[in-house]
Amino acid sequence: MGSSIRKAIELILSADPELLNILATTAKVCLTSSVIALILGVPLGILYGAGRFPGRRVLLVLNRTLMGMPPVVCGLLFYLLFSGVGPFRHLHLLFTVPLMILAQVVLITPIVVGTMETFVADTAPALRETAKGLGFGPGKQFRLLVNECVYPIFSAYLLSFARAIAEVGAVAMVGGAIAWKTNVMTTAIMTYTNRGSFTLGIALGLILLSLSLLVNVVLSLLQRRFSQ
Amino acid sequence: MKTAAFTKSYHRRLALSLPELELPKGQITAVLGPNGSGKSTFAKVLSGIEAADDKQPILTGVTVGYLPQKSFPFRMSTEKNILQNGKDPQRAAALMHALGIEGLAGQSAKRLSGGETARMALCRILMRPYDLLILDEPTAAMDMESTLAAEKLILESCREQGCALLLITHSISQAKRIADRALVLHSGGLVEQGPGEQVLYAPREEQTRRFLEFYGL
């Protein structure tokens, strides 16, 4: 165990090409999917939190259900849609990075929506009453609401990124964990562990844990900064 | 300035029913009544925050400013909060000085105490003139010194701007100090209205008398 960890650290320090490729693929998949989820999720979260429209409650229940969707179910759904028998087979996206990104967007957008909705539903009524009382129009009310949302937006992004980087079920099913092509950190850990090659798996595990720690440190700092 | 008669219900239960009311310009009208009498509902409907049962406006062609009981501090400095409602930094400075919060100008409004937030919110609403200004318990979170300073500022602003000012308050002594007129509500209905010296010192209605005796202790 001790020698495996030592070898893993040596592998990280030596900038092993395969390790770098896995990290690059992971970064591409997770950064792209979390940014897309943020772009889609923030306006939806604000709409669900501040808006009052027919069907809002149904959409909220649906979003909460999607927040808890098992990644393998999401992966299975995309696999069936894009495999040789699926309606989108002609797009030839199965076992490619774009489909991995798409699957992750579906998985993590509800997290962004949920985080934003909870905050906005709590904040919007008091803000709206004060702003309307001052005679501010809808445009200014919206700008003030968005200004309140800076911390939740960061928080939602980091949470969605953390979920994306730790996710394995969906990316394994739609990406196929193909070496030098669609292998990301989590799928690589699985693949190499199954082969009995623990060094690369441990190295990736250490990087994953470090990233998780970094995300949590940034979140704590942000929380402290914006609570002041 | 005259308000239309209206009713307001929540979940099909009548919460407030009021006849036409006269709100003279340049005068402070105190709205008094026990908890649940409909004071805040009156303020919300009059300001347009909530609609009356018939969805018709209570006032037309007038600008209304409304300071809720718990005013929201926006995520910015105290001074910027105040300047959201007017672009005159000198007026903002004068208002902050009058309420003793000039030292908090650069501080985040989210870090203000309850009393400081109430003072900031009062400065913010007084930044520009309204035809009708509704203040819902503006001094409830303030100490006596701040309350007296706030009352002086409210009185001066009302006289200078010539606005009709509706002051919702629990404090009979506050109403006696600054109100020109008084209006007493009970269980969602109007009990009595008239000049302050008559309603607050020689009420005609038994309900008003009992209210003044109980809350005036």
# chains A, B, ... in the order shown; residues from 1 in each chain; ligands from 1

call {"tool": "interface_residues", "arguments": {"of": "chain B", "to": "chain A", "cutoff": "9 Å", "atoms": "only C-alpha atoms", "output": "count of residues only"}}
result
25

call {"tool": "select_by_dssp", "arguments": {"residues": "range 41-226 of chain A", "states": "alpha helix (DSSP H)", "output": "ChimeraX atom specification"}}
result
/A:41-50,56-67,71-82,97-134,138-148,150-166,169-175,185-194,198-226

call {"tool": "residues_around", "arguments": {"residues": "range 113-122 of chain B", "least_positions_apart": "6", "cutoff": "12 Å", "atoms": "only C-alpha atoms", "output": "VMD selection string"}}
result
(chain A and resid 130 to 131 133 to 134) or (chain B and resid 65 to 74 77 to 85 92 to 93 95 to 105 107 128 133 to 151 153 to 154 157)

call {"tool": "select_by_dssp", "arguments": {"residues": "range 36-217 of chain B", "states": "strand (DSSP E)", "output": "PyMOL selection string"}}
result
chain B and resi 64-67+132-136+164-168+181-186+189-195

call {"tool": "residues_around", "arguments": {"residues": "Phe119 in chain A", "least_positions_apart": "6", "cutoff": "9 Å", "atoms": "only C-alpha atoms", "output": "list of chain:residue names"}}
result
A:Gly45, A:Ile46, A:Gly49, A:Cys149, A:Pro152

call {"tool": "write_last_selection", "arguments": {"atoms": "all heavy atoms", "output": "JSON list (two decimals), in the first residue's frame"}}
result
[["chain", "number", "residue", "atom", "x", "y", "z"],
["A", 45, "GLY", "N", -33.34, 28.61, -12.28],
["A", 45, "GLY", "CA", -33.45, 28.66, -10.82],
["A", 45, "GLY", "C", -34.07, 29.96, -10.35],
["A", 45, "GLY", "O", -34.91, 29.97, -9.45],
["A", 46, "ILE", "N", -33.65, 31.07, -10.98],
["A", 46, "ILE", "CA", -34.22, 32.38, -10.62],
["A", 46, "ILE", "C", -35.70, 32.42, -10.98],
["A", 46, "ILE", "O", -36.55, 32.89, -10.21],
["A", 46, "ILE", "CB", -33.44, 33.53, -11.30],
["A", 46, "ILE", "CG1", -32.01, 33.61, -10.70],
["A", 46, "ILE", "CG2", -34.16, 34.87, -11.12],
["A", 46, "ILE", "CD1", -31.10, 34.62, -11.35],
["A", 49, "GLY", "N", -37.64, 30.27, -8.57],
["A", 49, "GLY", "CA", -37.63, 30.83, -7.22],
["A", 49, "GLY", "C", -38.45, 32.10, -7.10],
["A", 49, "GLY", "O", -39.14, 32.30, -6.10],
["A", 149, "CYS", "N", -27.48, 37.28, -5.86],
["A", 149, "CYS", "CA", -27.25, 35.86, -6.18],
["A", 149, "CYS", "C", -25.79, 35.51, -6.44],
["A", 149, "CYS", "O", -25.50, 34.38, -6.83],
["A", 149, "CYS", "CB", -28.06, 35.47, -7.41],
["A", 149, "CYS", "SG", -29.82, 35.42, -7.12],
["A", 152, "PRO", "N", -24.58, 32.45, -4.27],
["A", 152, "PRO", "CA", -25.22, 31.19, -4.68],
["A", 152, "PRO", "C", -24.80, 30.72, -6.08],
["A", 152, "PRO", "O", -24.72, 29.53, -6.32],
["A", 152, "PRO", "CB", -26.71, 31.51, -4.67],
["A", 152, "PRO", "CG", -26.85, 32.67, -3.81],
["A", 152, "PRO", "CD", -25.57, 33.44, -3.85]]

call {"tool": "residues_around", "arguments": {"residues": "Gly2 in chain A", "least_positions_apart": "4", "cutoff": "12 Å", "atoms": "only C-alpha atoms", "output": "VMD selection string"}}
result
chain A and resid 6 to 9 198 to 199 202

call {"tool": "write_last_selection", "arguments": {"atoms": "C-alpha atoms", "output": "mmCIF file, in the first residue's frame"}}
result
data_model
loop_
_atom_site.group_PDB
_atom_site.id
_atom_site.type_symbol
_atom_site.label_atom_id
_atom_site.label_comp_id
_atom_site.auth_asym_id
_atom_site.auth_seq_id
_atom_site.Cartn_x
_atom_site.Cartn_y
_atom_site.Cartn_z
ATOM 1 C CA ARG A 6 4.887 6.423 -3.329
ATOM 2 C CA LYS A 7 4.815 5.211 -6.947
ATOM 3 C CA ALA A 8 1.577 7.130 -7.529
ATOM 4 C CA ILE A 9 3.145 10.370 -6.285
ATOM 5 C CA PHE A 198 -3.204 0.268 -8.694
ATOM 6 C CA THR A 199 -0.512 2.932 -9.171
ATOM 7 C CA ILE A 202 -4.125 5.749 -6.608
#

call {"tool": "closest_residue", "arguments": {"among": "B:Cys123, B:Lys39, B:Thr7, B:Leu183", "to": "Gly86 in chain B", "atoms": "only C-alpha atoms"}}
result
B:Cys123

call {"tool": "residues_around", "arguments": {"residues": "Leu209 in chain A", "least_positions_apart": "5", "cutoff": "12 Å", "atoms": "only C-alpha atoms", "output": "number ranges by chain"}}
result
A: 162, 165-166, 185-186, 202-204, 214-216

call {"tool": "write_last_selection", "arguments": {"atoms": "all heavy atoms", "output": "PDB file, in the first residue's frame"}}
result
ATOM      1  N   ALA A 162     -18.105  19.767  -8.695  1.00  0.00           N
ATOM      2  CA  ALA A 162     -17.709  18.663  -7.800  1.00  0.00           C
ATOM      3  C   ALA A 162     -18.488  17.391  -8.144  1.00  0.00           C
ATOM      4  O   ALA A 162     -17.932  16.291  -8.145  1.00  0.00           O
ATOM      5  CB  ALA A 162     -17.950  19.058  -6.347  1.00  0.00           C
ATOM      6  N   ILE A 165     -17.119  15.998 -11.556  1.00  0.00           N
ATOM      7  CA  ILE A 165     -15.786  15.395 -11.528  1.00  0.00           C
ATOM      8  C   ILE A 165     -15.788  14.051 -10.768  1.00  0.00           C
ATOM      9  O   ILE A 165     -14.963  13.177 -11.029  1.00  0.00           O
ATOM     10  CB  ILE A 165     -14.755  16.395 -10.925  1.00  0.00           C
ATOM     11  CG1 ILE A 165     -13.363  16.075 -11.470  1.00  0.00           C
ATOM     12  CG2 ILE A 165     -14.757  16.414  -9.419  1.00  0.00           C
ATOM     13  CD1 ILE A 165     -12.377  17.188 -11.300  1.00  0.00           C
ATOM     14  N   ALA A 166     -16.757  13.904  -9.843  1.00  0.00           N
ATOM     15  CA  ALA A 166     -16.808  12.667  -9.064  1.00  0.00           C
ATOM     16  C   ALA A 166     -17.720  11.620  -9.684  1.00  0.00           C
ATOM     17  O   ALA A 166     -17.781  10.483  -9.219  1.00  0.00           O
ATOM     18  CB  ALA A 166     -17.289  12.986  -7.641  1.00  0.00           C
ATOM     19  N   MET A 185     -11.026  10.623 -15.024  1.00  0.00           N
ATOM     20  CA  MET A 185     -10.388  10.138 -13.792  1.00  0.00           C
ATOM     21  C   MET A 185     -11.137   8.985 -13.140  1.00  0.00           C
ATOM     22  O   MET A 185     -10.552   7.978 -12.772  1.00  0.00           O
ATOM     23  CB  MET A 185     -10.231  11.302 -12.802  1.00  0.00           C
ATOM     24  CG  MET A 185      -9.088  12.221 -13.164  1.00  0.00           C
ATOM     25  SD  MET A 185      -8.554  13.222 -11.785  1.00  0.00           S
ATOM     26  CE  MET A 185      -9.761  14.489 -11.822  1.00  0.00           C
ATOM     27  N   THR A 186     -12.458   9.174 -12.982  1.00  0.00           N
ATOM     28  CA  THR A 186     -13.230   8.151 -12.262  1.00  0.00           C
ATOM     29  C   THR A 186     -13.275   6.829 -13.037  1.00  0.00           C
ATOM     30  O   THR A 186     -13.104   5.753 -12.452  1.00  0.00           O
ATOM     31  CB  THR A 186     -14.659   8.649 -12.008  1.00  0.00           C
ATOM     32  OG1 THR A 186     -15.169   9.165 -13.232  1.00  0.00           O
ATOM     33  CG2 THR A 186     -14.714   9.702 -10.931  1.00  0.00           C
ATOM     34  N   ILE A 202      -4.385   4.993  -7.839  1.00  0.00           N
ATOM     35  CA  ILE A 202      -4.125   5.749  -6.608  1.00  0.00           C
ATOM     36  C   ILE A 202      -3.748   7.195  -6.933  1.00  0.00           C
ATOM     37  O   ILE A 202      -4.208   8.138  -6.288  1.00  0.00           O
ATOM     38  CB  ILE A 202      -3.025   5.055  -5.758  1.00  0.00           C
ATOM     39  CG1 ILE A 202      -3.549   3.720  -5.222  1.00  0.00           C
ATOM     40  CG2 ILE A 202      -2.582   5.942  -4.605  1.00  0.00           C
ATOM     41  CD1 ILE A 202      -2.493   2.837  -4.576  1.00  0.00           C
ATOM     42  N   ALA A 203      -2.920   7.353  -7.989  1.00  0.00           N
ATOM     43  CA  ALA A 203      -2.514   8.710  -8.388  1.00  0.00           C
ATOM     44  C   ALA A 203      -3.747   9.551  -8.726  1.00  0.00           C
ATOM     45  O   ALA A 203      -3.888  10.705  -8.281  1.00  0.00           O
ATOM     46  CB  ALA A 203      -1.581   8.637  -9.596  1.00  0.00           C
ATOM     47  N   LEU A 204      -4.660   8.945  -9.481  1.00  0.00           N
ATOM     48  CA  LEU A 204      -5.880   9.678  -9.857  1.00  0.00           C
ATOM     49  C   LEU A 204      -6.770   9.936  -8.638  1.00  0.00           C
ATOM     50  O   LEU A 204      -7.383  10.997  -8.517  1.00  0.00           O
ATOM     51  CB  LEU A 204      -6.649   8.886 -10.917  1.00  0.00           C
ATOM     52  CG  LEU A 204      -5.978   8.853 -12.291  1.00  0.00           C
ATOM     53  CD1 LEU A 204      -6.591   7.771 -13.172  1.00  0.00           C
ATOM     54  CD2 LEU A 204      -6.085  10.210 -12.968  1.00  0.00           C
ATOM     55  N   LEU A 214      -9.892  21.281  -2.620  1.00  0.00           N
ATOM     56  CA  LEU A 214      -9.770  22.640  -3.166  1.00  0.00           C
ATOM     57  C   LEU A 214     -11.145  23.284  -3.326  1.00  0.00           C
ATOM     58  O   LEU A 214     -11.365  24.443  -2.940  1.00  0.00           O
ATOM     59  CB  LEU A 214      -9.040  22.588  -4.508  1.00  0.00           C
ATOM     60  CG  LEU A 214      -8.756  23.937  -5.162  1.00  0.00           C
ATOM     61  CD1 LEU A 214      -7.670  24.676  -4.389  1.00  0.00           C
ATOM     62  CD2 LEU A 214      -8.319  23.758  -6.620  1.00  0.00           C
ATOM     63  N   VAL A 215     -12.096  22.518  -3.895  1.00  0.00           N
ATOM     64  CA  VAL A 215     -13.456  23.034  -4.108  1.00  0.00           C
ATOM     65  C   VAL A 215     -14.076  23.443  -2.769  1.00  0.00           C
ATOM     66  O   VAL A 215     -14.674  24.513  -2.639  1.00  0.00           O
ATOM     67  CB  VAL A 215     -14.342  21.981  -4.826  1.00  0.00           C
ATOM     68  CG1 VAL A 215     -15.822  22.353  -4.742  1.00  0.00           C
ATOM     69  CG2 VAL A 215     -13.926  21.842  -6.278  1.00  0.00           C
ATOM     70  N   ASN A 216     -13.886  22.602  -1.764  1.00  0.00           N
ATOM     71  CA  ASN A 216     -14.474  22.904  -0.457  1.00  0.00           C
ATOM     72  C   ASN A 216     -13.818  24.098   0.221  1.00  0.00           C
ATOM     73  O   ASN A 216     -14.494  24.888   0.881  1.00  0.00           O
ATOM     74  CB  ASN A 216     -14.412  21.673   0.451  1.00  0.00           C
ATOM     75  CG  ASN A 216     -15.550  20.734   0.160  1.00  0.00           C
ATOM     76  OD1 ASN A 216     -16.699  21.073   0.380  1.00  0.00           O
ATOM     77  ND2 ASN A 216     -15.242  19.565  -0.373  1.00  0.00           N
TER      78      ASN A 216
END

call {"tool": "residues_around", "arguments": {"residues": "Phe214 in chain B", "least_positions_apart": "3", "cutoff": "12 Å", "atoms": "only C-alpha atoms", "output": "VMD selection string"}}
result
chain B and resid 33 to 34 170 to 172 207 to 211 217

call {"tool": "write_last_selection", "arguments": {"atoms": "C-alpha atoms", "output": "short mmCIF file (atom, residue, chain, number, x, y, z; two decimals), in the first residue's frame"}}
result
data_model
loop_
_atom_site.label_atom_id
_atom_site.label_comp_id
_atom_site.auth_asym_id
_atom_site.auth_seq_id
_atom_site.Cartn_x
_atom_site.Cartn_y
_atom_site.Cartn_z
CA GLY B 33 -54.59 49.38 16.14
CA PRO B 34 -53.77 46.13 17.93
CA HIS B 170 -47.96 50.59 17.79
CA SER B 171 -46.72 53.51 19.82
CA ILE B 172 -49.43 55.87 21.02
CA GLN B 207 -63.03 50.64 21.25
CA THR B 208 -60.56 53.49 20.71
CA ARG B 209 -60.72 54.40 24.38
CA ARG B 210 -60.00 50.82 25.43
CA PHE B 211 -57.14 50.55 22.92
CA LEU B 217 -49.80 52.40 29.67
#
